[in-house]
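Novice: Structure: my_file.cif, mmCIF, C-alpha atoms and all ligand atoms.
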data_coords
loop_
_atom_site.label_atom_id
_atom_site.label_comp_id
_atom_site.auth_asym_id
_atom_site.auth_seq_id
_atom_site.Cartn_x
_atom_site.Cartn_y
_atom_site.Cartn_z
CA MET A 755 180.58 249.99 296.57
CA LYS A 756 180.16 247.88 299.72
CA ASP A 757 176.56 246.71 299.21
CA ASN A 758 175.22 244.47 296.48
CA PHE A 759 173.18 247.36 295.15
CA ILE A 760 172.21 250.95 295.87
CA HIS A 761 169.29 253.12 294.83
CA LYS A 762 170.01 256.69 293.71
CA ASN A 763 167.56 259.59 293.90
CA ASN A 764 169.22 262.02 291.52
CA CYS A 765 170.08 262.15 287.83
CA ARG A 766 173.50 260.65 287.28
CA ILE A 767 174.54 263.43 284.85
CA CYS A 768 173.00 266.68 286.08
CA GLY A 769 172.06 265.78 289.68
CA ALA A 770 168.40 266.91 289.32
CA SER A 771 165.69 265.10 291.29
CA ASP A 772 162.88 265.71 288.77
CA LEU A 773 162.78 262.13 287.49
CA VAL A 774 159.83 260.40 285.80
CA LYS A 775 159.36 256.64 286.14
CA ILE A 776 159.08 255.26 282.59
CA LEU A 777 159.03 251.46 282.72
CA ASP A 778 159.19 248.97 285.58
CA LEU A 779 160.44 245.58 284.34
CA GLY A 780 160.26 244.00 287.79
CA GLU A 781 162.92 242.31 289.91
CA MET A 782 165.45 240.40 287.81
CA PRO A 783 168.79 238.67 288.10
CA PRO A 784 171.64 240.42 286.26
CA ALA A 785 171.29 239.65 282.56
CA ASN A 786 174.73 238.07 282.18
CA ALA A 787 174.53 235.98 285.38
CA PHE A 788 174.33 232.63 283.56
CA LEU A 789 174.11 229.69 285.97
CA ARG A 790 176.00 226.43 286.27
CA LYS A 791 173.91 223.27 286.68
CA GLU A 792 174.92 222.94 290.35
CA ASP A 793 173.64 226.49 291.05
CA LEU A 794 170.13 225.93 289.71
CA ASN A 795 168.60 225.19 293.11
CA LYS A 796 170.38 227.99 294.95
CA PRO A 797 168.65 231.36 295.50
CA GLU A 798 169.50 233.88 292.76
CA PRO A 799 170.12 237.53 293.65
CA LYS A 800 167.49 239.72 291.95
CA PHE A 801 167.41 243.51 291.73
CA PRO A 802 164.78 246.05 290.62
CA LEU A 803 164.95 247.00 286.95
CA VAL A 804 163.20 250.34 286.45
CA VAL A 805 164.01 253.12 283.96
CA TYR A 806 163.59 256.81 284.69
CA PHE A 807 163.76 259.95 282.56
CA CYS A 808 165.39 263.15 283.81
CA ASN A 809 163.14 266.12 283.05
CA ASN A 810 166.08 268.47 283.44
CA CYS A 811 168.81 267.07 281.13
CA GLY A 812 166.89 264.42 279.15
CA LEU A 813 168.87 261.34 280.23
CA LEU A 814 167.03 258.00 280.35
CA GLN A 815 168.65 255.95 283.10
CA LEU A 816 168.51 253.36 285.87
CA LEU A 817 168.69 254.49 289.48
CA ASP A 818 169.23 251.02 290.97
CA VAL A 819 172.92 250.24 290.64
CA VAL A 820 174.19 246.69 291.06
CA ASN A 821 177.73 246.43 292.45
CA PRO A 822 180.05 246.28 289.38
CA GLU A 823 182.10 243.52 291.03
CA ILE A 824 178.99 241.30 290.76
CA LEU A 825 178.40 242.26 287.14
CA PHE A 826 181.84 242.45 285.60
CA SER A 827 184.60 240.60 287.43
CA HIS A 828 183.73 237.42 285.53
CA TYR A 829 182.09 237.82 282.12
CA ASP A 830 180.80 235.24 279.67
CA TYR A 831 180.44 237.70 276.79
CA LEU A 832 183.03 237.65 274.03
CA THR A 833 183.03 240.16 271.18
CA SER A 834 184.66 237.60 268.90
CA ALA A 835 181.62 235.26 269.24
CA SER A 836 179.39 237.54 267.12
CA LYS A 837 180.92 237.74 263.66
CA PRO A 838 179.06 240.92 262.58
CA LEU A 839 180.28 242.65 265.76
CA ALA A 840 183.85 241.41 265.37
CA ASP A 841 183.86 242.58 261.71
CA HIS A 842 182.51 245.96 262.80
CA PHE A 843 185.22 246.55 265.43
CA THR A 844 188.03 245.29 263.20
CA LYS A 845 186.91 247.83 260.61
CA MET A 846 186.62 250.56 263.22
CA GLY A 847 190.18 249.84 264.47
CA LEU A 848 191.57 250.14 260.95
CA GLU A 849 189.62 253.35 260.32
CA LEU A 850 190.86 254.96 263.54
CA ALA A 851 194.45 253.96 262.80
CA GLU A 852 194.16 255.43 259.31
CA LYS A 853 192.66 258.70 260.57
CA PHE A 854 194.62 259.39 263.75
CA ILE A 855 197.78 257.28 263.99
CA LYS A 856 200.90 259.00 262.71
CA SER A 857 203.71 256.84 264.15
CA LYS A 858 204.33 253.39 265.61
CA ASP A 859 204.94 255.06 268.98
CA ASP A 860 201.39 256.42 269.18
CA LEU A 861 199.34 254.74 271.88
CA ILE A 862 195.72 253.53 271.66
CA VAL A 863 193.99 252.58 274.89
CA GLU A 864 190.69 250.71 274.89
CA ILE A 865 188.42 250.82 277.92
CA GLY A 866 186.63 247.47 278.28
CA GLY A 867 188.25 246.11 275.12
CA ASN A 868 186.90 242.61 275.87
CA ASP A 869 188.81 239.91 273.94
CA ALA A 870 190.78 242.57 272.02
CA VAL A 871 189.15 242.21 268.61
CA LEU A 872 189.71 245.91 267.82
CA LEU A 873 193.20 246.25 269.31
CA ALA A 874 194.52 243.00 267.84
CA SER A 875 193.59 244.28 264.36
CA ILE A 876 195.96 247.28 264.68
CA LYS A 877 198.65 246.09 267.06
CA ASP A 878 201.26 246.10 264.30
CA LYS A 879 200.57 249.78 263.52
CA CYS A 880 201.00 251.38 266.98
CA ARG A 881 201.23 250.63 270.72
CA VAL A 882 197.98 249.19 272.15
CA LEU A 883 196.69 248.75 275.70
CA ASN A 884 193.46 247.07 276.79
CA ILE A 885 191.84 247.93 280.15
CA GLU A 886 189.59 244.92 280.75
CA PRO A 887 188.26 244.28 284.27
CA ALA A 888 186.87 240.78 283.65
CA GLY A 889 189.79 238.52 284.61
CA ASN A 890 188.75 235.61 282.40
CA VAL A 891 188.33 237.86 279.34
CA ALA A 892 191.54 239.85 280.05
CA GLU A 893 193.40 236.52 279.91
CA ILE A 894 192.13 235.89 276.35
CA SER A 895 193.18 239.42 275.36
CA LYS A 896 196.71 238.78 276.68
CA GLN A 897 196.88 235.49 274.78
CA LYS A 898 196.28 237.49 271.58
CA GLY A 899 199.47 239.45 272.30
CA VAL A 900 197.69 242.61 273.49
CA GLU A 901 199.05 244.24 276.65
CA THR A 902 196.12 244.19 279.08
CA ILE A 903 195.45 245.68 282.52
CA ASP A 904 192.90 243.65 284.42
CA GLU A 905 191.18 246.57 286.26
CA PHE A 906 188.29 249.03 286.04
CA PHE A 907 189.24 252.29 284.28
CA THR A 908 189.30 255.15 286.82
CA GLU A 909 190.99 258.52 287.17
CA LYS A 910 193.46 256.84 289.54
CA LEU A 911 194.38 254.22 286.94
CA ALA A 912 194.61 256.93 284.24
CA LYS A 913 197.28 258.72 286.31
CA LYS A 914 199.29 255.50 286.56
CA ILE A 915 198.94 254.87 282.80
CA PHE A 916 200.09 258.43 282.06
CA GLU A 917 203.17 258.00 284.28
CA LYS A 918 204.11 254.70 282.69
CA TYR A 919 203.19 255.21 279.01
CA GLY A 920 202.78 258.99 278.52
CA PRO A 921 199.95 260.73 276.60
CA VAL A 922 197.44 258.73 274.60
CA LYS A 923 196.56 259.40 270.97
CA ILE A 924 193.20 257.66 271.02
CA ILE A 925 191.06 256.22 273.76
CA VAL A 926 188.31 253.89 272.55
CA ALA A 927 185.34 252.74 274.63
CA ASN A 928 182.72 250.71 272.79
CA ASN A 929 179.51 249.61 274.47
CA VAL A 930 180.88 250.30 277.94
CA MET A 931 179.96 253.94 278.56
CA ALA A 932 176.46 252.84 279.58
CA HIS A 933 177.90 250.36 282.07
CA ILE A 934 179.96 252.65 284.32
CA ASP A 935 178.24 254.13 287.34
CA ASP A 936 180.85 256.81 288.07
CA ILE A 937 181.11 258.03 284.48
CA LYS A 938 182.47 261.39 285.61
CA ASP A 939 185.52 259.66 287.06
CA VAL A 940 186.07 258.12 283.61
CA PHE A 941 185.95 261.53 281.92
CA ARG A 942 188.44 262.93 284.44
CA GLY A 943 190.77 260.02 283.60
CA VAL A 944 190.25 260.49 279.85
CA LYS A 945 191.10 264.19 280.14
CA ILE A 946 194.41 263.37 281.83
CA LEU A 947 195.35 260.93 279.09
CA ILE A 948 194.27 262.74 275.91
CA GLY A 949 195.21 266.30 276.94
CA ASP A 950 194.43 268.80 274.17
CA ASP A 951 195.57 266.71 271.22
CA GLY A 952 194.27 263.18 271.76
CA THR A 953 190.80 261.89 270.85
CA PHE A 954 188.27 259.89 272.81
CA VAL A 955 186.00 257.80 270.56
CA PHE A 956 183.13 255.72 271.85
CA GLU A 957 180.06 253.88 270.66
CA VAL A 958 176.89 253.61 272.68
CA HIS A 959 173.45 252.18 271.98
CA TRP A 960 171.40 255.20 270.88
CA VAL A 961 168.22 255.86 272.83
CA GLY A 962 166.44 256.89 269.61
CA ASN A 963 166.96 253.33 268.37
CA LEU A 964 165.86 251.81 271.68
CA ILE A 965 162.46 253.48 271.46
CA GLY A 966 162.20 253.17 267.67
CA ASN A 967 163.43 250.00 266.00
CA GLY A 968 165.11 248.54 269.07
CA GLY A 969 163.46 246.82 271.98
CA PHE A 970 162.81 247.16 275.68
CA ASP A 971 165.07 244.13 276.11
CA GLN A 972 168.12 246.38 275.73
CA ILE A 973 167.30 247.55 279.24
CA TYR A 974 169.21 245.59 281.89
CA HIS A 975 171.21 246.32 285.04
CA GLU A 976 174.51 246.69 283.18
CA HIS A 977 173.04 249.53 281.10
CA LEU A 978 172.75 252.38 283.57
CA TYR A 979 172.54 255.05 280.84
CA TYR A 980 170.44 255.14 277.61
CA TYR A 981 172.21 257.96 275.82
CA SER A 982 171.07 260.64 273.44
CA LEU A 983 173.63 263.04 271.99
CA LEU A 984 171.74 265.73 273.87
CA ALA A 985 172.43 264.08 277.24
CA LEU A 986 176.03 263.35 276.22
CA GLU A 987 176.65 267.01 275.41
CA ASN A 988 175.59 267.90 278.95
CA LEU A 989 178.00 265.33 280.31
CA VAL A 990 181.05 266.02 278.13
CA SER A 991 180.90 269.80 278.54
CA GLN A 992 181.36 269.39 282.30
CA PHE A 993 185.02 268.41 281.70
CA GLY A 994 186.24 271.18 279.39
CA LEU A 995 185.98 268.70 276.49
CA LYS A 996 183.77 268.86 273.43
CA ILE A 997 182.00 266.48 271.08
CA PHE A 998 183.51 267.37 267.72
CA ASN A 999 181.87 264.70 265.59
CA ALA A 1000 178.87 262.37 265.90
CA GLU A 1001 177.87 259.55 263.56
CA SER A 1002 175.09 257.03 263.40
CA VAL A 1003 176.48 253.50 262.91
CA SER A 1004 174.47 250.43 262.04
CA ILE A 1005 175.39 248.00 264.78
CA HIS A 1006 172.99 246.84 267.54
CA GLY A 1007 170.27 248.38 265.36
CA GLN A 1008 171.55 251.92 265.26
CA SER A 1009 174.34 253.06 267.58
CA LEU A 1010 175.89 256.43 268.14
CA ARG A 1011 179.63 256.95 267.58
CA VAL A 1012 180.93 260.04 269.33
CA TYR A 1013 184.32 261.77 268.96
CA VAL A 1014 185.47 263.89 271.89
CA GLY A 1015 188.52 266.16 272.04
CA GLY A 1016 190.02 269.16 273.75
CA ARG A 1017 190.12 272.76 272.63
CA ASN A 1018 192.24 272.09 269.51
CA PHE A 1019 189.36 270.41 267.68
CA SER A 1020 186.74 272.22 265.63
CA VAL A 1021 183.18 270.96 265.77
CA SER A 1022 181.77 269.33 262.62
CA GLU A 1023 178.28 270.15 261.32
CA SER A 1024 177.26 266.57 262.06
CA VAL A 1025 176.88 267.41 265.75
CA GLY A 1026 174.28 270.16 265.27
CA GLN A 1027 172.45 268.05 262.68
CA PHE A 1028 172.24 265.07 265.02
CA LEU A 1029 170.97 267.24 267.89
CA GLU A 1030 168.34 268.70 265.58
CA LYS A 1031 167.20 265.19 264.60
CA GLU A 1032 166.88 264.24 268.29
CA LYS A 1033 164.73 267.32 268.96
CA GLU A 1034 162.47 266.36 266.03
CA LEU A 1035 162.12 262.88 267.54
CA ARG A 1036 161.24 264.60 270.83
CA LEU A 1037 163.93 262.74 272.74
CA ASP A 1038 163.93 265.61 275.23
CA ARG A 1039 160.35 264.83 276.36
CA ALA A 1040 159.15 262.34 278.97
CA GLU A 1041 155.93 261.69 276.94
CA THR A 1042 158.00 260.14 274.14
CA PHE A 1043 159.36 257.56 276.55
CA LEU A 1044 156.01 256.93 278.21
CA LYS A 1045 154.61 255.97 274.79
CA PHE A 1046 157.54 253.56 274.35
CA SER A 1047 156.69 252.04 277.73
CA GLU A 1048 153.08 251.39 276.65
CA ARG A 1049 154.34 249.68 273.49
CA ALA A 1050 156.70 247.48 275.53
CA LYS A 1051 153.80 246.27 277.69
CA LYS A 1052 151.72 245.47 274.60
CA ASN A 1053 154.72 243.74 272.99
CA ARG A 1054 155.02 241.47 276.03
CA GLU A 1055 151.33 240.54 275.97
CA GLU A 1056 151.40 239.70 272.26
CA LEU A 1057 154.55 237.60 272.56
CA GLN A 1058 153.17 235.66 275.52
CA ASN A 1059 149.91 234.98 273.63
CA LEU A 1060 151.74 233.81 270.51
CA LEU A 1061 154.07 231.43 272.37
CA ARG A 1062 151.25 230.05 274.51
CA ARG A 1063 149.15 229.36 271.40
CA LEU A 1064 152.05 227.62 269.63
CA LYS A 1065 152.85 225.53 272.67
CA GLN A 1066 149.20 224.49 273.08
CA GLY A 1067 149.27 223.47 269.41
CA GLY A 1068 152.14 221.07 270.23
CA LYS A 1069 154.87 223.07 268.52
CA LYS A 1070 158.53 222.68 269.42
CA ILE A 1071 160.18 226.04 270.10
CA ILE A 1072 163.82 226.87 270.81
CA GLY A 1073 165.74 230.12 271.32
CA TYR A 1074 168.58 231.42 269.09
CA GLY A 1075 171.35 233.42 270.77
CA ALA A 1076 171.71 233.94 274.50
CA PRO A 1077 172.53 237.66 274.64
CA ALA A 1078 172.08 239.66 277.82
CA LYS A 1079 169.07 241.35 276.22
CA GLY A 1080 167.47 237.92 275.78
CA ASN A 1081 167.44 237.51 279.53
CA THR A 1082 165.51 240.76 280.03
CA LEU A 1083 163.02 239.57 277.44
CA LEU A 1084 162.66 236.07 278.91
CA ASN A 1085 162.29 237.30 282.50
CA TYR A 1086 159.95 240.19 281.70
CA CYS A 1087 157.73 237.98 279.53
CA TRP A 1088 157.95 234.87 281.78
CA ILE A 1089 159.29 232.65 279.03
CA ASP A 1090 161.05 229.75 280.76
CA ASN A 1091 162.09 226.17 280.13
CA ASN A 1092 158.43 225.09 279.79
CA ILE A 1093 158.26 227.11 276.59
CA LEU A 1094 161.77 226.96 275.10
CA ASP A 1095 163.45 223.54 275.01
CA PHE A 1096 166.89 225.14 274.86
CA ILE A 1097 168.77 228.14 273.49
CA THR A 1098 171.75 227.96 271.15
CA ASP A 1099 174.71 230.33 271.37
CA THR A 1100 178.05 230.53 269.56
CA THR A 1101 179.93 231.69 272.68
CA PRO A 1102 181.85 228.69 274.06
CA LEU A 1103 181.79 230.24 277.57
CA LYS A 1104 177.96 230.25 277.61
CA GLN A 1105 177.46 226.69 276.34
CA GLY A 1106 176.63 224.27 279.17
CA LEU A 1107 175.21 227.09 281.34
CA TYR A 1108 171.58 228.08 282.10
CA THR A 1109 169.80 231.42 281.61
CA PRO A 1110 169.43 233.50 284.79
CA GLY A 1111 165.92 233.48 286.28
CA THR A 1112 164.38 231.29 283.57
CA HIS A 1113 166.81 228.31 283.75
CA ILE A 1114 166.87 227.41 280.06
CA SER A 1115 169.84 225.34 278.95
CA VAL A 1116 172.32 227.06 276.58
CA VAL A 1117 173.87 224.74 274.00
CA SER A 1118 175.94 224.79 270.84
CA PRO A 1119 174.10 225.68 267.57
CA GLU A 1120 174.85 222.10 266.36
CA LYS A 1121 171.89 220.93 268.43
CA ILE A 1122 169.31 222.61 266.12
CA LYS A 1123 169.80 220.00 263.40
CA GLU A 1124 169.31 217.15 265.88
CA VAL A 1125 165.89 218.27 267.11
CA ASN A 1126 164.24 220.00 264.14
CA PRO A 1127 162.19 222.64 265.97
CA ASP A 1128 159.04 224.19 264.46
CA TYR A 1129 159.86 227.72 265.65
CA ILE A 1130 163.00 229.58 266.66
CA LEU A 1131 162.69 232.61 268.90
CA LEU A 1132 165.45 234.97 267.72
CA LEU A 1133 166.79 236.47 270.94
CA ALA A 1134 169.84 237.93 269.13
CA TRP A 1135 167.42 239.90 266.89
CA ASN A 1136 169.98 242.70 266.43
CA TYR A 1137 171.84 240.36 264.06
CA ALA A 1138 168.64 239.20 262.31
CA GLU A 1139 169.85 239.96 258.81
CA ALA A 1140 173.14 238.05 259.17
CA ILE A 1141 171.53 235.15 261.06
CA LEU A 1142 168.61 234.68 258.64
CA GLU A 1143 171.12 234.58 255.79
CA LYS A 1144 173.39 232.14 257.66
CA GLU A 1145 170.42 229.88 258.52
CA LYS A 1146 168.75 229.81 255.08
CA ASP A 1147 168.76 226.00 255.16
CA LEU A 1148 166.64 225.89 258.32
CA ARG A 1149 164.10 228.25 256.78
CA GLU A 1150 164.01 226.19 253.59
CA LYS A 1151 163.12 223.16 255.74
CA GLY A 1152 160.05 225.11 256.95
CA ILE A 1153 161.37 226.21 260.34
CA LYS A 1154 159.98 229.65 261.22
CA PHE A 1155 161.86 232.43 263.00
CA ILE A 1156 160.03 234.64 265.50
CA ILE A 1157 161.51 238.13 265.84
CA PRO A 1158 160.18 239.29 269.21
CA VAL A 1159 160.77 243.06 269.27
CA PRO A 1160 159.90 245.87 268.74
CA ARG A 1161 156.90 244.36 266.90
CA ILE A 1162 156.54 240.62 266.55
CA LYS A 1163 157.36 239.18 263.16
CA VAL A 1164 157.16 235.50 262.16
CA ILE A 1165 159.21 234.73 259.06
P1 LIG B 1201 174.88 240.79 271.62
O1 LIG B 1201 173.61 241.09 270.91
O2 LIG B 1201 176.12 241.30 271.05
O3 LIG B 1201 174.80 241.30 273.04
P2 LIG B 1201 174.17 241.63 274.44
O4 LIG B 1201 174.66 240.52 275.32
O5 LIG B 1201 174.85 242.92 274.68
O6 LIG B 1201 172.68 241.73 274.40
O7 LIG B 1201 175.01 239.20 271.83
C1 LIG B 1201 174.69 238.32 270.83
C2 LIG B 1201 174.74 236.91 271.38
O8 LIG B 1201 174.24 236.05 270.36
C3 LIG B 1201 176.12 236.43 271.76
O9 LIG B 1201 176.04 235.65 272.94
C4 LIG B 1201 176.54 235.55 270.58
C5 LIG B 1201 175.21 235.06 270.05
N1 LIG B 1201 175.18 234.83 268.60
C6 LIG B 1201 174.88 233.54 268.13
O10 LIG B 1201 174.66 232.62 268.94
N2 LIG B 1201 174.84 233.33 266.77
C7 LIG B 1201 175.09 234.32 265.88
O11 LIG B 1201 175.06 234.07 264.65
C8 LIG B 1201 175.39 235.65 266.38
C9 LIG B 1201 175.63 236.78 265.43
C10 LIG B 1201 175.41 235.85 267.75
#
Hey, can you dump this file as structure tokens for me?
Specialist:
Amino acid sequence: MKDNFIHKNNCRICGASDLVKILDLGEMPPANAFLRKEDLNKPEPKFPLVVYFCNNCGLLQLLDVVNPEILFSHYDYLTSASKPLADHFTKMGLELAEKFIKSKDDLIVEIGGNDAVLLASIKDKCRVLNIEPAGNVAEISKQKGVETIDEFFTEKLAKKIFEKYGPVKIIVANNVMAHIDDIKDVFRGVKILIGDDGTFVFEVHWVGNLIGNGGFDQIYHEHLYYYSLLALENLVSQFGLKIFNAESVSIHGQSLRVYVGGRNFSVSESVGQFLEKEKELRLDRAETFLKFSERAKKNREELQNLLRRLKQGGKKIIGYGAPAKGNTLLNYCWIDNNILDFITDTTPLKQGLYTPGTHISVVSPEKIKEVNPDYILLLAWNYAEAILEKEKDLREKGIKFIIPVPRIKVI
């Protein structure tokens, strides 16, 4: 892509033009574009953030695509910084190895394997290869002893991998399938590598969770697709591949884990059952998403009123976790450094930086004890259970946590 961003007019899976505008979150900087202090006075690039629903194939999606070089060539997000996530992927790696790996020569490739949490956990059981386009993160993966190619995964790269390493037993792609504009190129590459016998396994945020127990803040420029199994079936079947198993997994609220293979796989009952559940939830109807949009607007109003009231009452408020989703929430709700004194985050790469658009300083969690806030806005709400347990002491001291979405809770 030559430009900084392009606007599409057709559904990215089926090509239809019958698209319904669901929610306009306004113009925003990319959610992971954290700023250095010296950049605070420079103009920040902002792009429209609007979600649409395809009336033909049921895919919820963005049509404004930010150049992936801007979004992904440097990345401050590390899987290893969120313990529940790191535990989840370590477990997944071991499960996949147990189920599919038969010999030490078998190869597992991970697309966007970040700092190699999953691959490092199984590198003594088989050959592993990480395809990680963010140079700074790829470096960390290499330091963990995982062979890493510092490029975007494409059909062209798949051909080179096949020539050099041969067929692949398993390809994994967790939380990246929503990020890739030319997803069809990825499937063409996957097909080359797995042939008829290999398996492609990926996890995506599930759209049923987004509009149910999740929050509008999971919408940001990196997430071009908000998948249902229904929409994924339409996509996968275009490549002579099939979804042979589908599971709901409890990470990021509720995610969808999908297993794809060639003609040698038989389809488990779980697939039909999941599709049935999605029909019952009416995930194939625009009205369902329009109702979600109305709730998001109300959610914003209530959160703004609560924070304004607390601030007027002289309360000290800080943020907890600086995830990408937090930046959608802060920008959409206009919560800036007049409201939050700072935000803590466990990711060393984010500490010392400022949130995009709202310019709130990101610091180490150590700082909480120094300032004794009255309220903590939990931006990493998807880890609420683990965080509330970890921070029992703060709650015992009377500090209250505000969970902002999908309905505000103060606990
Ligand atoms: P996450 O919700 O995984 O992602 P996204 O960026 O996709 O919205 O990010 C969670 C962030 O919260 C990450 O920057 C690490 C941080 N974090 C903490 O600061 N403390 C914690 O205890 C946990 C679990 C996460």
Novice: Could you list, as JSON, numbers by chain, all residues that come within 8 Å of ligand LIG 1201 (chain B)? Count only C-alpha atoms and all ligand atoms.
Specialist: {"A": [786, 831, 832, 833, 835, 836, 837, 838, 839, 972, 1006, 1074, 1075, 1076, 1077, 1078, 1079, 1080, 1098, 1099, 1100, 1101, 1104, 1119, 1133, 1134, 1135, 1136, 1137, 1140, 1141, 1144]}
Novice: Rounded to one decimal in Å, what is the spacing between CA of Cys765 (chain A) and CA of Leu989 (chain A)?
Specialist: 11.4 Å
Novice: Counting all atoms listed in the file, find residues at most 8 Å from (161.5, 258.2, 284.0) (file frame) and give them as a VMD selection string.
Specialist: chain A and resid 773 to 777 805 to 808 814 to 815 1040 1043
Novice: May I have the residues from that selection written out with C-alpha atoms, as an mmCIF file, in the frame of the given file?
Specialist:
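Listed below is the output, again06.cif:
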data_model
loop_
_atom_site.group_PDB
_atom_site.id
_atom_site.type_symbol
_atom_site.label_atom_id
_atom_site.label_comp_id
_atom_site.auth_asym_id
_atom_site.auth_seq_id
_atom_site.Cartn_x
_atom_site.Cartn_y
_atom_site.Cartn_z
ATOM 1 C CA LEU A 773 162.780 262.130 287.490
ATOM 2 C CA VAL A 774 159.830 260.400 285.800
ATOM 3 C CA LYS A 775 159.360 256.640 286.140
ATOM 4 C CA ILE A 776 159.080 255.260 282.590
ATOM 5 C CA LEU A 777 159.030 251.460 282.720
ATOM 6 C CA VAL A 805 164.010 253.120 283.960
ATOM 7 C CA TYR A 806 163.590 256.810 284.690
ATOM 8 C CA PHE A 807 163.760 259.950 282.560
ATOM 9 C CA CYS A 808 165.390 263.150 283.810
ATOM 10 C CA LEU A 814 167.030 258.000 280.350
ATOM 11 C CA GLN A 815 168.650 255.950 283.100
ATOM 12 C CA ALA A 1040 159.150 262.340 278.970
ATOM 13 C CA PHE A 1043 159.360 257.560 276.550
#
Novice: Write out as a PyMOL selection string the residues lying within 10 Å of region 849-860 of chain A, counting only C-alpha atoms and excluding same-chain residues fewer than 2 positions away.
Specialist: chain A and resi 843-847+862+875-882+920-924+926+952-953+955
Novice: For CA of Asn929 (chain A) and CA of Val958 (chain A), quote the distance in Å rounded to one decimal.
Specialist: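 A separation of 5.1 Å between them.
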Novice: In Å, rounded to a single decimal, give me how far CA of Glu976 (chain A) is from CA of Ile934 (chain A).
Specialist: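 CA of Glu976 (chain A) lies 8.2 Å from CA of Ile934 (chain A).
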Novice: What's the 7 Å shell around region 818-829 of chain A, counting only C-alpha atoms, without same-chain residues fewer than 2 positions away, as a list in words?
Specialist: Met755, Asp757, Asn758, Phe759, Ile760, His761, Lys762, Pro802, Leu816, Tyr831, Pro887, Ala888, Gly889, Asn890, Val891 and His975 of chain A
Novice: Counting only C-alpha atoms, which of A:Glu1041, A:Ser771, A:Val1014, A:Asn1081 gets nearest to Gly1111 (chain A)?
Specialist: A:Asn1081
Novice: Restricting the calculation to all atoms listed in the file, which member of A:Leu983, A:Val940, A:Val1117, A:Val863 is positioned closest to Ile903 (chain A)?
Specialist: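 Smallest separation from Ile903 (chain A) among the options: A:Val863.
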Novice: Write out as a PyMOL selection string the residues lying within 9 Å of region 1061-1068 of chain A, counting all atoms listed in the file and excluding same-chain residues fewer than 4 positions away.
Specialist: chain A and resi 1056-1057+1089+1093+1129
Novice: Write out as an MDAnalysis selection string the residues lying within 9 Å of Gly966 (chain A), counting all atoms listed in the file and excluding same-chain residues fewer than 5 positions away.
Specialist: chainID A and resid 961 1046 1160
Novice: Measuring between all atoms listed in the file, which one of A:Phe993, A:Tyr974, A:Phe906, A:Phe1019 shows the shortest distance to Leu1084 (chain A)?
Specialist: A:Tyr974
